[in-house]
Amino acid sequence: MKFHAFLIKYAEIGIKGKNRYLFEDALMKQIRRALRRIDGSFTVCKEDGRIYVMADNDDFDEEDVYEALQHVFGIQGICPMLQVEDEGWDKLCETVVSYMKETYGQEQYSFKVQARRARKNYPLNSNEICRNMGEVILNQIPGVHVDVHNPDVMLHIEIRQKINIYSKTVKGPGGMPVGTNGKAMLLLSGGIDSPVAGYMIAKRGVVIDAVYFHAPPYTSERAKQKVIDLAKEVAAYAGPVNLHIVNFTDIQLAIYEKCPHDELTIIMRRYMMKIAQDLAVKTGCLGLITGESIGQVASQTMQSMAVTNEVCEMPVYRPLVGFDKQDIVEISQQIGTFETSILPYEDCCTIFVAKHPVTKPNLNIIKRSERNLEGVIEPLYEAAMNTVETVWCESER
């Protein structure tokens with residue numbers, strides 16, 4: 001059976017009170033955007049707290065619909081359904097039995113009927129629909145039995161302006177619709193962690209911009225393309241991402257020449273955060289996002305993150321801060337960024353890393369070392385900001 005109607009279930013949006021319609025409208029906008037990438041014509045509509053996707057013709061692949069909608073934050077589940085006119089009880093029974101036979105064939109299974117009568121003028125109440133329809137199914141489909149506690153099949157019948165019939169749910173990504181919770185700037189490297197961090201913040205409804213620090217000739221054009229590809233993969237969930245590419249070479253060389261080598265990572269990180277914050281202010285972002293996890297590398301100890309944070313006036317969001325590396329790897333594999341992240345093209349941090357970086361930096365000492373850059377770093381910083389390249393990254397899935 002090929003379905004032409006899909007019920008979209010959401011979770012958190014349902015508790016938003018008087019603002020709920022804003023979140024529903026944002027979710028519908030994201031659904032339409034996702035469906036534009038696949039073959040077929042679809043109508044997305046809302047009725048009585050329900051969001052529906054309706055296929056306008058037969059020119060689509062049902063699996064493509066699931067794939068597209070599984071990248072839309074805010075969707076808890078996608079339910080392929082029959083939506084039929086109310087033509088009386090006997091016709092409804094005939095339709096339900098036909099649906100069960102086509103969907104589950106000759107399998108032996110347990111089932112439960114769960115009815116919801118949103119249209120109160122329907123002649124049967126919810127309990128009567130459940131009881132009477134269960135009896136019809138038992139009588140007309142051999143080998144099935146009722147289990148009200150743990151059924152193999154949960155058959156839903158919703159009596160609305162039309163009647164919805166469904167029993168399967170394809171899991172969605174959850175979260176909140178992108179665009180409902182502001183905008184933030186992701187510090188995107190070529191590693192495993194930062195794309196996952198961007199994905200996780202986007203899942204909370206945040207629009208993502210990204211900044212990448214490029215250091216030619218020490219990092220290659222392939223390293224740059226790798227990050228562009230990662231931004232496109234994050235965009236499959238987060239929507240189109242503006243990737244701001246900063247030429248960081250001269251700043252890094254100045255730090256390398258003027259500052260103690262065991263402090264290189266921390267000082268470079270502080271300047272990255274400064275630049276990211278300046279870009280965030282210019283582009284209307286409300287915070288920064290990093291892929292840091294406590295203790296993973298020298299720049300991610302509690303002391304290092306405290307020193308790094310000192311240059312920031314806006315919030316810094318670290319969604320991976322308590323994750324083990326394997327946790328992060330598993331999410332990256334799930335969202336499709338892992339294979340790109342492990343391509344062997346170095347980023348600017350790995351090129352200039354110290355052999356023995358300080359792991360418990362002292363802020364006063366770091367600031368004293370940064371004084372060596374006075375009169376040198378200012379024009380380099382201005383040049384880096386004036387030559388930012390912005391690339392529009394949209395999903396190719």
# chains A, B, ... in the order shown; residues from 1 in each chain; ligands from 1

call {"tool": "residues_around", "arguments": {"residues": "Glu396 of chain A", "least_positions_apart": "2", "cutoff": "12 Å", "atoms": "only C-alpha atoms", "output": "ChimeraX atom specification"}}
result
/A:34,37-38,68,228-237,239-240,393-394

call {"tool": "residues_around", "arguments": {"residues": "Asp56 of chain A", "least_positions_apart": "3", "cutoff": "7 Å", "atoms": "only C-alpha atoms", "output": "ChimeraX atom specification"}}
result
/A:41-43

call {"tool": "residues_around", "arguments": {"residues": "segment 88-103 of chain A", "least_positions_apart": "5", "cutoff": "8 Å", "atoms": "only C-alpha atoms", "output": "count of residues only"}}
result
7

call {"tool": "closest_residue", "arguments": {"among": "A:Val196, A:Ala383, A:Leu243, A:Ala215", "to": "Arg318 of chain A", "atoms": "only C-alpha atoms"}}
result
A:Val196

call {"tool": "closest_residue", "arguments": {"among": "A:Pro319, A:Gly14, A:Gly172, A:Pro177", "to": "Ala26 of chain A", "atoms": "only C-alpha atoms"}}
result
A:Pro177

call {"tool": "select_by_dssp", "arguments": {"residues": "segment 128-221 of chain A", "states": "alpha helix (DSSP H)", "output": "ChimeraX atom specification"}}
result
/A:128-140,193-202,221

call {"tool": "decode", "arguments": {"residues": "segment 277-358 of chain A", "atoms": "C-alpha atoms", "output": "PDB file, in the first residue's frame"}}
result
ATOM      1  CA  GLN A 277      32.420  37.013  18.372  1.00  0.00           C
ATOM      2  CA  ASP A 278      32.991  40.017  16.089  1.00  0.00           C
ATOM      3  CA  LEU A 279      31.489  38.067  13.175  1.00  0.00           C
ATOM      4  CA  ALA A 280      28.607  36.950  15.387  1.00  0.00           C
ATOM      5  CA  VAL A 281      27.782  40.556  16.298  1.00  0.00           C
ATOM      6  CA  LYS A 282      27.879  41.596  12.618  1.00  0.00           C
ATOM      7  CA  THR A 283      25.554  38.758  11.548  1.00  0.00           C
ATOM      8  CA  GLY A 284      23.018  39.046  14.350  1.00  0.00           C
ATOM      9  CA  CYS A 285      24.061  35.948  16.301  1.00  0.00           C
ATOM     10  CA  LEU A 286      23.288  35.713  20.009  1.00  0.00           C
ATOM     11  CA  GLY A 287      26.071  33.331  21.033  1.00  0.00           C
ATOM     12  CA  LEU A 288      29.002  31.139  20.000  1.00  0.00           C
ATOM     13  CA  ILE A 289      29.013  27.337  19.672  1.00  0.00           C
ATOM     14  CA  THR A 290      32.075  25.130  20.115  1.00  0.00           C
ATOM     15  CA  GLY A 291      32.639  21.383  20.083  1.00  0.00           C
ATOM     16  CA  GLU A 292      34.688  21.351  23.277  1.00  0.00           C
ATOM     17  CA  SER A 293      34.490  18.439  25.713  1.00  0.00           C
ATOM     18  CA  ILE A 294      36.118  18.680  29.145  1.00  0.00           C
ATOM     19  CA  GLY A 295      39.597  17.167  29.203  1.00  0.00           C
ATOM     20  CA  GLN A 296      39.628  15.912  25.611  1.00  0.00           C
ATOM     21  CA  VAL A 297      42.713  17.957  24.612  1.00  0.00           C
ATOM     22  CA  ALA A 298      44.950  20.572  26.266  1.00  0.00           C
ATOM     23  CA  SER A 299      42.765  23.494  25.170  1.00  0.00           C
ATOM     24  CA  GLN A 300      39.681  21.847  26.655  1.00  0.00           C
ATOM     25  CA  THR A 301      40.616  21.505  30.304  1.00  0.00           C
ATOM     26  CA  MET A 302      38.488  23.492  32.745  1.00  0.00           C
ATOM     27  CA  GLN A 303      41.341  25.956  33.238  1.00  0.00           C
ATOM     28  CA  SER A 304      41.901  26.368  29.482  1.00  0.00           C
ATOM     29  CA  MET A 305      38.220  26.931  28.747  1.00  0.00           C
ATOM     30  CA  ALA A 306      38.025  29.517  31.541  1.00  0.00           C
ATOM     31  CA  VAL A 307      40.951  31.448  30.041  1.00  0.00           C
ATOM     32  CA  THR A 308      39.449  31.174  26.546  1.00  0.00           C
ATOM     33  CA  ASN A 309      36.052  32.359  27.767  1.00  0.00           C
ATOM     34  CA  GLU A 310      37.566  35.499  29.274  1.00  0.00           C
ATOM     35  CA  VAL A 311      37.685  37.220  25.868  1.00  0.00           C
ATOM     36  CA  CYS A 312      33.980  36.609  25.184  1.00  0.00           C
ATOM     37  CA  GLU A 313      31.152  38.915  26.123  1.00  0.00           C
ATOM     38  CA  MET A 314      28.397  36.794  24.569  1.00  0.00           C
ATOM     39  CA  PRO A 315      27.398  33.284  25.732  1.00  0.00           C
ATOM     40  CA  VAL A 316      29.459  30.302  24.585  1.00  0.00           C
ATOM     41  CA  TYR A 317      27.415  27.123  24.119  1.00  0.00           C
ATOM     42  CA  ARG A 318      29.257  23.811  24.504  1.00  0.00           C
ATOM     43  CA  PRO A 319      26.688  21.039  23.975  1.00  0.00           C
ATOM     44  CA  LEU A 320      29.351  18.287  24.053  1.00  0.00           C
ATOM     45  CA  VAL A 321      31.043  19.432  27.237  1.00  0.00           C
ATOM     46  CA  GLY A 322      30.198  16.276  29.218  1.00  0.00           C
ATOM     47  CA  PHE A 323      30.344  13.739  26.375  1.00  0.00           C
ATOM     48  CA  ASP A 324      32.873  10.942  25.948  1.00  0.00           C
ATOM     49  CA  LYS A 325      34.591  10.808  22.564  1.00  0.00           C
ATOM     50  CA  GLN A 326      32.722   7.632  21.643  1.00  0.00           C
ATOM     51  CA  ASP A 327      29.410   9.355  22.346  1.00  0.00           C
ATOM     52  CA  ILE A 328      30.365  12.103  19.907  1.00  0.00           C
ATOM     53  CA  VAL A 329      31.570   9.621  17.277  1.00  0.00           C
ATOM     54  CA  GLU A 330      28.271   7.734  17.432  1.00  0.00           C
ATOM     55  CA  ILE A 331      26.253  10.902  16.834  1.00  0.00           C
ATOM     56  CA  SER A 332      28.539  11.926  13.957  1.00  0.00           C
ATOM     57  CA  GLN A 333      27.978   8.534  12.346  1.00  0.00           C
ATOM     58  CA  GLN A 334      24.235   8.848  12.860  1.00  0.00           C
ATOM     59  CA  ILE A 335      24.016  12.290  11.209  1.00  0.00           C
ATOM     60  CA  GLY A 336      26.440  11.491   8.389  1.00  0.00           C
ATOM     61  CA  THR A 337      29.396  13.756   9.192  1.00  0.00           C
ATOM     62  CA  PHE A 338      31.873  11.140  10.456  1.00  0.00           C
ATOM     63  CA  GLU A 339      33.307   9.962   7.133  1.00  0.00           C
ATOM     64  CA  THR A 340      34.045  13.532   6.056  1.00  0.00           C
ATOM     65  CA  SER A 341      35.483  14.494   9.451  1.00  0.00           C
ATOM     66  CA  ILE A 342      38.107  11.743   9.361  1.00  0.00           C
ATOM     67  CA  LEU A 343      39.484  12.697   5.939  1.00  0.00           C
ATOM     68  CA  PRO A 344      43.243  13.294   6.461  1.00  0.00           C
ATOM     69  CA  TYR A 345      43.407  17.027   5.751  1.00  0.00           C
ATOM     70  CA  GLU A 346      44.911  19.033   8.618  1.00  0.00           C
ATOM     71  CA  ASP A 347      43.305  22.163  10.029  1.00  0.00           C
ATOM     72  CA  CYS A 348      45.181  25.206  11.317  1.00  0.00           C
ATOM     73  CA  CYS A 349      45.129  24.098  14.957  1.00  0.00           C
ATOM     74  CA  THR A 350      46.880  20.798  14.330  1.00  0.00           C
ATOM     75  CA  ILE A 351      49.555  22.436  12.170  1.00  0.00           C
ATOM     76  CA  PHE A 352      50.605  24.932  14.857  1.00  0.00           C
ATOM     77  CA  VAL A 353      50.091  22.786  17.941  1.00  0.00           C
ATOM     78  CA  ALA A 354      52.871  22.900  20.559  1.00  0.00           C
ATOM     79  CA  LYS A 355      54.743  19.746  21.530  1.00  0.00           C
ATOM     80  CA  HIS A 356      53.976  20.322  25.207  1.00  0.00           C
ATOM     81  CA  PRO A 357      51.005  22.695  25.485  1.00  0.00           C
ATOM     82  CA  VAL A 358      50.098  24.160  28.853  1.00  0.00           C
TER      83      VAL A 358
END
